[in-house]
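Peer 1: Sharing my_file_33.txt here; it has compact mmCIF, C-alpha atoms.
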# COMPACT_ATOMS: atom_id res chain seq x y z
CA MET A 1 -3.15 21.71 -83.19
CA SER A 2 -5.11 24.60 -84.62
CA ALA A 3 -4.21 28.16 -83.70
CA GLY A 4 -7.75 29.31 -84.44
CA ARG A 5 -10.78 29.59 -82.22
CA THR A 6 -14.44 28.94 -82.72
CA GLY A 7 -16.95 31.70 -82.66
CA GLY A 8 -19.02 33.96 -84.79
CA ALA A 9 -21.65 32.92 -87.28
CA GLY A 10 -21.94 29.18 -87.61
CA ASN A 11 -19.01 28.62 -85.21
CA ALA A 12 -16.60 28.86 -88.16
CA PRO A 13 -12.91 28.75 -87.16
CA GLN A 14 -11.41 32.21 -86.82
CA GLU A 15 -7.78 33.16 -86.39
CA PRO A 16 -7.65 36.12 -83.97
CA TRP A 17 -4.08 37.11 -84.84
CA HIS A 18 -1.27 36.15 -87.18
CA VAL A 19 0.45 32.98 -86.03
CA PRO A 20 3.81 32.48 -87.78
CA LYS A 21 4.97 28.97 -88.71
CA VAL A 22 7.95 27.96 -86.58
CA THR A 23 9.78 24.72 -85.92
CA PRO A 24 8.84 22.97 -82.63
CA ASP A 25 12.17 23.87 -80.98
CA ALA A 26 12.46 27.45 -82.31
CA LEU A 27 11.07 29.15 -79.22
CA GLU A 28 13.12 27.02 -76.84
CA GLN A 29 16.30 28.40 -78.41
CA ASP A 30 15.33 32.02 -77.68
CA LEU A 31 13.41 31.68 -74.40
CA PRO A 32 14.22 30.22 -71.03
CA SER A 33 12.98 26.63 -70.91
CA ALA A 34 10.48 27.48 -68.12
CA VAL A 35 8.79 30.06 -70.38
CA ALA A 36 8.62 27.64 -73.30
CA GLU A 37 7.12 24.92 -71.07
CA ALA A 38 4.54 27.35 -69.67
CA ALA A 39 3.48 28.28 -73.21
CA LYS A 40 3.14 24.61 -74.18
CA ARG A 41 1.00 23.96 -71.08
CA ALA A 42 -1.22 26.94 -71.92
CA PHE A 43 -1.85 25.58 -75.41
CA SER A 44 -2.60 22.11 -74.06
CA ALA A 45 -5.07 23.66 -71.59
CA ARG A 46 -7.19 25.00 -74.44
CA ARG A 47 -10.12 22.67 -75.01
CA PRO A 48 -10.44 21.90 -78.75
CA GLY A 49 -14.04 21.95 -79.89
CA SER A 50 -15.05 24.44 -77.22
CA SER A 51 -16.65 27.72 -78.12
CA LEU A 52 -14.91 30.81 -76.76
CA ALA A 53 -16.72 32.98 -74.21
CA GLU A 54 -15.33 36.50 -74.50
CA LEU A 55 -14.88 38.85 -71.57
CA ALA A 56 -17.78 41.32 -71.61
CA TYR A 57 -17.34 42.90 -68.16
CA GLU A 58 -14.71 43.17 -65.42
CA GLY A 59 -15.31 45.30 -62.35
CA PRO A 60 -15.77 45.54 -58.62
CA GLY A 61 -18.25 43.38 -56.77
CA ASP A 62 -20.50 44.26 -53.85
CA THR A 63 -17.51 44.56 -51.51
CA ASP A 64 -13.90 45.71 -51.91
CA ASP A 65 -12.57 42.15 -51.78
CA VAL A 66 -14.62 40.90 -54.78
CA THR A 67 -13.94 41.25 -58.52
CA VAL A 68 -16.66 40.25 -60.98
CA TYR A 69 -16.16 38.95 -64.54
CA ARG A 70 -18.85 38.24 -67.14
CA PHE A 71 -18.13 36.17 -70.26
CA VAL A 72 -20.54 35.77 -73.18
CA CYS A 73 -20.74 33.23 -75.99
CA GLY A 74 -23.97 33.46 -77.96
CA GLY A 75 -26.81 32.67 -75.55
CA VAL A 76 -24.46 31.38 -72.82
CA THR A 77 -23.21 33.69 -70.07
CA VAL A 78 -20.59 32.66 -67.51
CA TYR A 79 -20.31 34.80 -64.38
CA LEU A 80 -17.17 34.58 -62.25
CA SER A 81 -16.70 36.32 -58.90
CA VAL A 82 -13.29 36.15 -57.24
CA CYS A 83 -13.28 36.85 -53.52
CA ALA A 84 -9.99 37.54 -51.70
CA ARG A 85 -10.12 35.98 -48.23
CA GLU A 86 -7.51 35.61 -45.49
CA THR A 87 -7.17 31.93 -46.41
CA GLY A 88 -6.86 32.51 -50.17
CA LEU A 89 -9.04 33.12 -53.20
CA ARG A 90 -12.56 31.76 -53.62
CA LEU A 91 -14.15 31.53 -57.06
CA HIS A 92 -17.93 31.66 -57.45
CA VAL A 93 -19.20 30.42 -60.83
CA ARG A 94 -22.67 30.81 -62.29
CA CYS A 95 -23.75 29.88 -65.81
CA THR A 96 -26.91 30.71 -67.71
CA GLY A 97 -27.99 29.63 -71.18
CA PHE A 98 -27.73 25.87 -70.81
CA HIS A 99 -27.75 23.25 -68.08
CA VAL A 100 -24.14 22.47 -67.14
CA ARG A 101 -23.08 18.85 -66.68
CA GLU A 102 -19.50 19.62 -65.66
CA LEU A 103 -17.34 22.56 -64.65
CA GLU A 104 -13.58 22.56 -65.14
CA VAL A 105 -11.53 25.32 -63.47
CA LEU A 106 -8.06 25.85 -64.94
CA HIS A 107 -6.00 28.06 -62.62
CA GLY A 108 -2.62 28.45 -60.87
CA GLY A 109 -3.17 25.19 -58.97
CA VAL A 110 -4.41 21.72 -59.82
CA THR A 111 -7.33 21.71 -62.28
CA VAL A 112 -10.65 21.45 -60.44
CA ASN A 113 -13.57 19.41 -61.81
CA GLU A 114 -16.86 20.26 -60.16
CA ASN A 115 -20.60 20.07 -60.75
CA LEU A 116 -22.84 23.11 -60.65
CA ASN A 117 -25.85 22.86 -58.37
CA GLY A 118 -29.44 22.95 -59.66
CA SER A 119 -29.28 26.75 -59.80
CA GLY A 120 -26.19 26.67 -62.06
CA PHE A 121 -23.80 27.74 -59.27
CA ALA A 122 -20.52 26.40 -57.80
CA GLU A 123 -17.73 27.62 -55.50
CA VAL A 124 -14.07 26.49 -55.53
CA ASP A 125 -10.81 27.63 -53.99
CA ILE A 126 -8.26 28.84 -56.56
CA GLU A 127 -4.65 29.98 -56.73
CA PRO A 128 -3.59 33.34 -58.20
CA GLY A 129 -2.39 33.44 -61.79
CA LEU A 130 -4.12 32.61 -65.03
CA LEU A 131 -7.73 31.45 -64.90
CA SER A 132 -10.10 29.92 -67.44
CA VAL A 133 -13.32 28.01 -66.88
CA VAL A 134 -14.82 25.33 -69.13
CA VAL A 135 -18.52 24.57 -68.80
CA THR A 136 -19.79 21.41 -70.48
CA PRO A 137 -23.52 21.16 -71.16
CA ASP A 138 -25.56 18.07 -70.42
CA ARG A 139 -26.53 17.86 -74.11
CA ALA A 140 -24.07 16.11 -76.42
CA ASP A 141 -25.15 18.22 -79.41
CA VAL A 142 -24.02 21.48 -77.74
CA ALA A 143 -20.31 22.37 -77.60
CA PRO A 144 -18.60 23.14 -74.28
CA VAL A 145 -17.81 26.81 -73.61
CA GLN A 146 -14.40 27.97 -72.38
CA THR A 147 -13.82 31.47 -71.04
CA MET A 148 -10.96 33.59 -72.26
CA TRP A 149 -7.91 33.42 -70.00
CA ILE A 150 -7.70 36.17 -67.39
CA ARG A 151 -5.02 36.94 -64.80
CA ILE A 152 -6.00 36.81 -61.14
CA PRO A 153 -3.52 38.75 -58.96
Starting from the file, lay out its structure as structure tokens.
Peer 2:
Amino acid sequence: MSAGRTGGAGNAPQEPWHVPKVTPDALEQDLPSAVAEAAKRAFSARRPGSSLAELAYEGPGDTDDVTVYRFVCGGVTVYLSVCARETGLRLHVRCTGFHVRELEVLHGGVTVNENLNGSGFAEVDIEPGLLSVVVTPDRADVAPVQTMWIRIP
């Protein structure tokens, strides 16, 4: 598994920080097993071959119960709005830059696979915790785009 990410000119692999070489069980010896398992799950949730959409904006929405996030990767922009409701959190997703074939929502609950409507929009219920969204274009020659992980309180 590569510790790098794709991005930049020509989508060349880039390593965003120093990743030391360690044996597979090294972290388990120093960390509680639940923490080590969570880290392994986070790495497996990264979609190899996906381009990384970086967080460009985080701020309030139109109302006090909405937080808006904007992620950018080249000509693709992924907009996320998280709305806190009495029944839980609702995620609104909109994507511009290519036609999306599939949406995958990685969050504190079970991964959600959804289709965006003709306007490039979808809504799903989510759990608090870490959140990342993968949008897969309908063209095989264009790489999927995965947003950076963010924490939803």
Peer 1: Where does range 66-100 of chain A meet range 141-152 of chain A within 10 Å, residue by residue, with the nearest atom pair and distance in Å to one decimal for each, counting all atoms listed in the file, listed by chain and rising number, as a tab-separated table?
Peer 2:
residue	atom	partner	partner_atom	distance
A:Thr67	CA	A:Ile152	CA	9.5
A:Tyr69	CA	A:Ile150	CA	9.3
A:Arg70	CA	A:Thr147	CA	9.3
A:Phe71	CA	A:Thr147	CA	6.4
A:Val72	CA	A:Thr147	CA	8.3
A:Cys73	CA	A:Val145	CA	7.4
A:Val76	CA	A:Val145	CA	8.1
A:Thr77	CA	A:Val145	CA	9.4
A:Val78	CA	A:Thr147	CA	7.7
A:Tyr79	CA	A:Thr147	CA	9.9
A:Leu80	CA	A:Thr147	CA	9.9
A:Val82	CA	A:Ile152	CA	8.3
A:Leu89	CA	A:Ile152	CA	9.3
A:Phe98	CA	A:Val142	CA	9.0
A:Val100	CA	A:Pro144	CA	9.1
Peer 1: Work out how far apart CA of Leu55 in chain A and CA of Val110 in chain A are and give it in Å to one decimal.
Peer 2: 23.3 Å
Peer 1: Write out as JSON, numbers by chain each polymer residue whose atoms come within 7 Å of Ala84 in chain A, counting only C-alpha atoms; drop sequence neighbours fewer than 4 positions from it.
Peer 2: {"A": [65, 66, 88, 89, 90]}
Peer 1: For each of A:Ser132, A:Thr63, A:Thr96, A:Ser50, take the minimum atom-to-atom distance to Gly118 in chain A, counting all atoms listed in the file, then give the residue where this is smallest.
Peer 2: A:Thr96
Peer 1: Enter the distance from CA of Gly129 in chain A to CA of Gly108 in chain A, in Å, rounded to one decimal.
Peer 2: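 Between CA of Gly129 in chain A and CA of Gly108 in chain A the gap works out to 5.1 Å.
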Peer 1: Calculate how many Å separate CA of Gly75 in chain A from CA of Leu116 in chain A, rounding to one decimal.
Peer 2: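 One can read the CA of Gly75 in chain A to CA of Leu116 in chain A distance as 18.1 Å.
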Peer 1: When you count only C-alpha atoms, which of these residues is closest to Pro137 in chain A: A:Gly109, A:Cys95, A:Ala56, A:Gly74?
Peer 2: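 Smallest distance to Pro137 in chain A is found for A:Cys95.
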Peer 1: Around all the atoms of range 123-134 of chain A listed in the file, with 4 Å of room on each side, what axis-aligned box do you get, giving centre and edge lengths in Å to one decimal, as JSON?
Peer 2:
{"center_x": -10.1, "center_y": 29.4, "center_z": -61.6, "size_x": 23.3, "size_y": 16.1, "size_z": 23.1}
Peer 1: List the spatial neighbours of Phe121 in chain A as a PyMOL selection string - criterion: any atom at most 9 Å away, all atoms listed in the file, same-chain residues fewer than 4 positions off excluded.
Peer 2: chain A and resi 92-95+115-117
Peer 1: Please identify all polymer residues within 8 Å of Leu91 in chain A, counting only C-alpha atoms, omitting same-chain residues fewer than 4 positions from it, and present them as a PyMOL selection string.
Peer 2: chain A and resi 80-83+123-126
Peer 1: Can I get the selection written as an mmCIF file, in the frame of the given file, with C-alpha atoms?
Peer 2:
data_model
loop_
_atom_site.group_PDB
_atom_site.id
_atom_site.type_symbol
_atom_site.label_atom_id
_atom_site.label_comp_id
_atom_site.auth_asym_id
_atom_site.auth_seq_id
_atom_site.Cartn_x
_atom_site.Cartn_y
_atom_site.Cartn_z
ATOM 1 C CA LEU A 80 -17.170 34.580 -62.250
ATOM 2 C CA SER A 81 -16.700 36.320 -58.900
ATOM 3 C CA VAL A 82 -13.290 36.150 -57.240
ATOM 4 C CA CYS A 83 -13.280 36.850 -53.520
ATOM 5 C CA GLU A 123 -17.730 27.620 -55.500
ATOM 6 C CA VAL A 124 -14.070 26.490 -55.530
ATOM 7 C CA ASP A 125 -10.810 27.630 -53.990
ATOM 8 C CA ILE A 126 -8.260 28.840 -56.560
#
